[in-house]
Amino acid sequence: MTSTETSSLVLHGRRRASARLRDGAVLLETDGVRRRIPVTAIERVDVHGAKDRQLTVVLTGDEPVAYHLRCRSAPAVHEFAQAVRRALPTRDANEPRPNGVELVSEKPLERAAPNRVFLLWWGLGGGYVLVLVLLLVKGAFSGVVPVVLWAVAPLVIGGGVGGVQAGWQVFREPWVLRTRGITVEGELQGTHWHEGGKQYYYAYVDSHGVRRECKSSDGGAERAEITYDPVNPDTAMVGHRTTGWLVFGAVLILLMGSVLLAGVASAVVGVMALII
């Protein structure tokens, strides 16, 4: 019998069904059941169906049982069938066959818990498309403004959310450094160009005696003040003045928050036009 360890073929079918050849057995997962079919329990492997996309594993025995797996790729089905055939034991025509069903072991597959985030996005997407279709139907009689507002609402909301998050990140780090930051002196270790700008690398020792590094587009002097967060030392900056970054982050939050509110208002107008 040819070793099956040289084959790592995996055949994927519909509804998460799959088959793989491993350690002298075909592992077949269909209909919520994992079946381990030793090659000694297999009489033959057939390829048939529309465009030769169906694999059939026929077991040995007086009343043979067959398992089927349909795949989108006909070449994959043929390659898998050939790999199983090479693994089958050589039998004489008159050699007694075991009852293949008795050699097959079955085990129920554990169903994975549904991804709630994935389901939420699918629900939101389905609801958005449904409202858009209804607005298109109604818009043929009452106008296209609500349709346009509803259609662009996700883009405006998405841009607003991303902008608010970016503004919060800009605001948060200098606020943390302003309220609990520790300032020490650091020494310039080197200068590098990164993404079209000059980056300065400073080394400093924190209050626990740990040597750390801070990189920034600010600096240039051989020695500079480094302000770092003792709770999260990776949050650090050259200097100790944070007012400018705080103002910039706050302005960005306000501006993008307005964009977010505009997107929400557009969605509300679209829904109200559908209800009224």
# chains A, B, ... in the order shown; residues from 1 in each chain; ligands from 1

$ select_by_dssp --residues "range 29-90 of chain A" --states "strand (DSSP E or B)" --output "count of residues only"
26

$ residues_around --residues "range 108-110 of chain A" --least-positions-apart "3" --cutoff "10 Å" --atoms "only C-alpha atoms" --output "PyMOL selection string"
chain A and resi 29-35+113

$ write_last_selection --atoms "N, CA, C and O atoms" --output "mmCIF file, in the first residue's frame"
data_model
loop_
_atom_site.group_PDB
_atom_site.id
_atom_site.type_symbol
_atom_site.label_atom_id
_atom_site.label_comp_id
_atom_site.auth_asym_id
_atom_site.auth_seq_id
_atom_site.Cartn_x
_atom_site.Cartn_y
_atom_site.Cartn_z
ATOM 1 N N GLU A 29 -16.124 15.016 6.351
ATOM 2 C CA GLU A 29 -16.994 15.828 7.203
ATOM 3 C C GLU A 29 -18.173 16.313 6.382
ATOM 4 O O GLU A 29 -18.031 17.170 5.511
ATOM 5 N N THR A 30 -19.343 15.740 6.656
ATOM 6 C CA THR A 30 -20.574 16.117 5.970
ATOM 7 C C THR A 30 -21.741 16.006 6.926
ATOM 8 O O THR A 30 -21.747 15.162 7.828
ATOM 9 N N ASP A 31 -22.719 16.876 6.733
ATOM 10 C CA ASP A 31 -23.976 16.812 7.495
ATOM 11 C C ASP A 31 -23.747 16.795 8.998
ATOM 12 O O ASP A 31 -24.428 16.081 9.737
ATOM 13 N N GLY A 32 -22.765 17.545 9.459
ATOM 14 C CA GLY A 32 -22.521 17.644 10.891
ATOM 15 C C GLY A 32 -21.864 16.426 11.511
ATOM 16 O O GLY A 32 -21.854 16.288 12.735
ATOM 17 N N VAL A 33 -21.295 15.526 10.692
ATOM 18 C CA VAL A 33 -20.663 14.307 11.195
ATOM 19 C C VAL A 33 -19.268 14.187 10.597
ATOM 20 O O VAL A 33 -19.072 14.407 9.399
ATOM 21 N N ARG A 34 -18.294 13.819 11.442
ATOM 22 C CA ARG A 34 -16.949 13.534 10.970
ATOM 23 C C ARG A 34 -16.768 12.021 10.923
ATOM 24 O O ARG A 34 -16.884 11.335 11.941
ATOM 25 N N ARG A 35 -16.491 11.507 9.732
ATOM 26 C CA ARG A 35 -16.314 10.068 9.543
ATOM 27 C C ARG A 35 -14.851 9.782 9.200
ATOM 28 O O ARG A 35 -14.270 10.438 8.340
ATOM 29 N N ALA A 113 -19.702 28.452 17.743
ATOM 30 C CA ALA A 113 -20.635 29.491 18.182
ATOM 31 C C ALA A 113 -20.709 30.576 17.113
ATOM 32 O O ALA A 113 -19.700 30.942 16.504
#

$ closest_residue --among "A:Arg178, A:Arg172, A:Arg53, A:Arg20" --to "Thr242 in chain A" --atoms "only C-alpha atoms"
A:Arg178

$ residues_around --residues "Arg97 in chain A" --least-positions-apart "4" --cutoff "12 Å" --atoms "only C-alpha atoms" --output "PyMOL selection string"
chain A and resi 40-43+59-64+89-93+101-103

$ residues_around --residues "range 152-166 of chain A" --least-positions-apart "5" --cutoff "9 Å" --atoms "only C-alpha atoms" --output "PDB file with C-alpha atoms, in the first residue's frame"
ATOM      1  CA  TYR A 128     -29.650  49.018   4.754  1.00  0.00           C
ATOM      2  CA  VAL A 147     -32.879  58.040  -1.529  1.00  0.00           C
ATOM      3  CA  PHE A 171      -5.988  63.767  21.923  1.00  0.00           C
ATOM      4  CA  GLY A 249      -7.099  66.436  18.666  1.00  0.00           C
ATOM      5  CA  LEU A 252     -10.465  67.044  14.897  1.00  0.00           C
ATOM      6  CA  ILE A 253     -12.977  65.331  17.188  1.00  0.00           C
ATOM      7  CA  LEU A 254     -15.401  68.269  16.888  1.00  0.00           C
ATOM      8  CA  LEU A 255     -15.102  68.481  13.097  1.00  0.00           C
ATOM      9  CA  MET A 256     -15.439  64.771  12.437  1.00  0.00           C
ATOM     10  CA  GLY A 257     -18.137  64.524  15.092  1.00  0.00           C
ATOM     11  CA  SER A 258     -20.118  67.030  13.028  1.00  0.00           C
ATOM     12  CA  VAL A 259     -19.617  64.831   9.976  1.00  0.00           C
ATOM     13  CA  LEU A 260     -20.833  61.840  11.980  1.00  0.00           C
ATOM     14  CA  LEU A 261     -23.943  63.716  13.112  1.00  0.00           C
ATOM     15  CA  ALA A 262     -24.610  64.762   9.512  1.00  0.00           C
ATOM     16  CA  GLY A 263     -24.465  61.126   8.447  1.00  0.00           C
ATOM     17  CA  VAL A 264     -26.840  60.080  11.213  1.00  0.00           C
ATOM     18  CA  ALA A 265     -29.201  62.912  10.254  1.00  0.00           C
ATOM     19  CA  SER A 266     -29.157  61.744   6.623  1.00  0.00           C
ATOM     20  CA  ALA A 267     -30.073  58.232   7.718  1.00  0.00           C
ATOM     21  CA  GLY A 270     -34.272  58.575   4.827  1.00  0.00           C
TER      22      GLY A 270
END

$ residues_around --residues "Val57 in chain A" --least-positions-apart "6" --cutoff "7 Å" --atoms "only C-alpha atoms" --output "ChimeraX atom specification"
/A:42,44-46,66-68

$ select_by_dssp --residues "range 39-187 of chain A" --states "alpha helix (DSSP H)" --output "MDAnalysis selection string"
chainID A and resid 74:87 100:103 116:142 145:180

$ residues_around --residues "Asp206 in chain A" --least-positions-apart "5" --cutoff "10 Å" --atoms "only C-alpha atoms" --output "list of chain:residue names"
A:Ile182, A:Thr183, A:Val184, A:Glu185, A:Gly186, A:Arg211, A:Arg212, A:Glu213, A:Ile226, A:Thr227, A:Tyr228, A:Asp229, A:Pro230, A:Pro233

$ atom_distance --atom1 "CA of Leu188 in chain A" --atom2 "CA of Glu222 in chain A"
5.0 Å

$ closest_residue --among "A:Val133, A:Ala81, A:Leu149, A:Val176" --to "Asn232 in chain A" --atoms "only C-alpha atoms"
A:Val176

$ closest_residue --among "A:Leu124, A:Pro75, A:Ala203, A:Met237" --to "Trp175 in chain A" --atoms "only C-alpha atoms"
A:Met237

$ closest_residue --among "A:Leu11, A:Thr179, A:Arg85, A:Asp23" --to "Ser73 in chain A" --atoms "only C-alpha atoms"
A:Leu11

$ atom_distance --atom1 "CA of Ala19 in chain A" --atom2 "CA of Leu69 in chain A"
7.9 Å
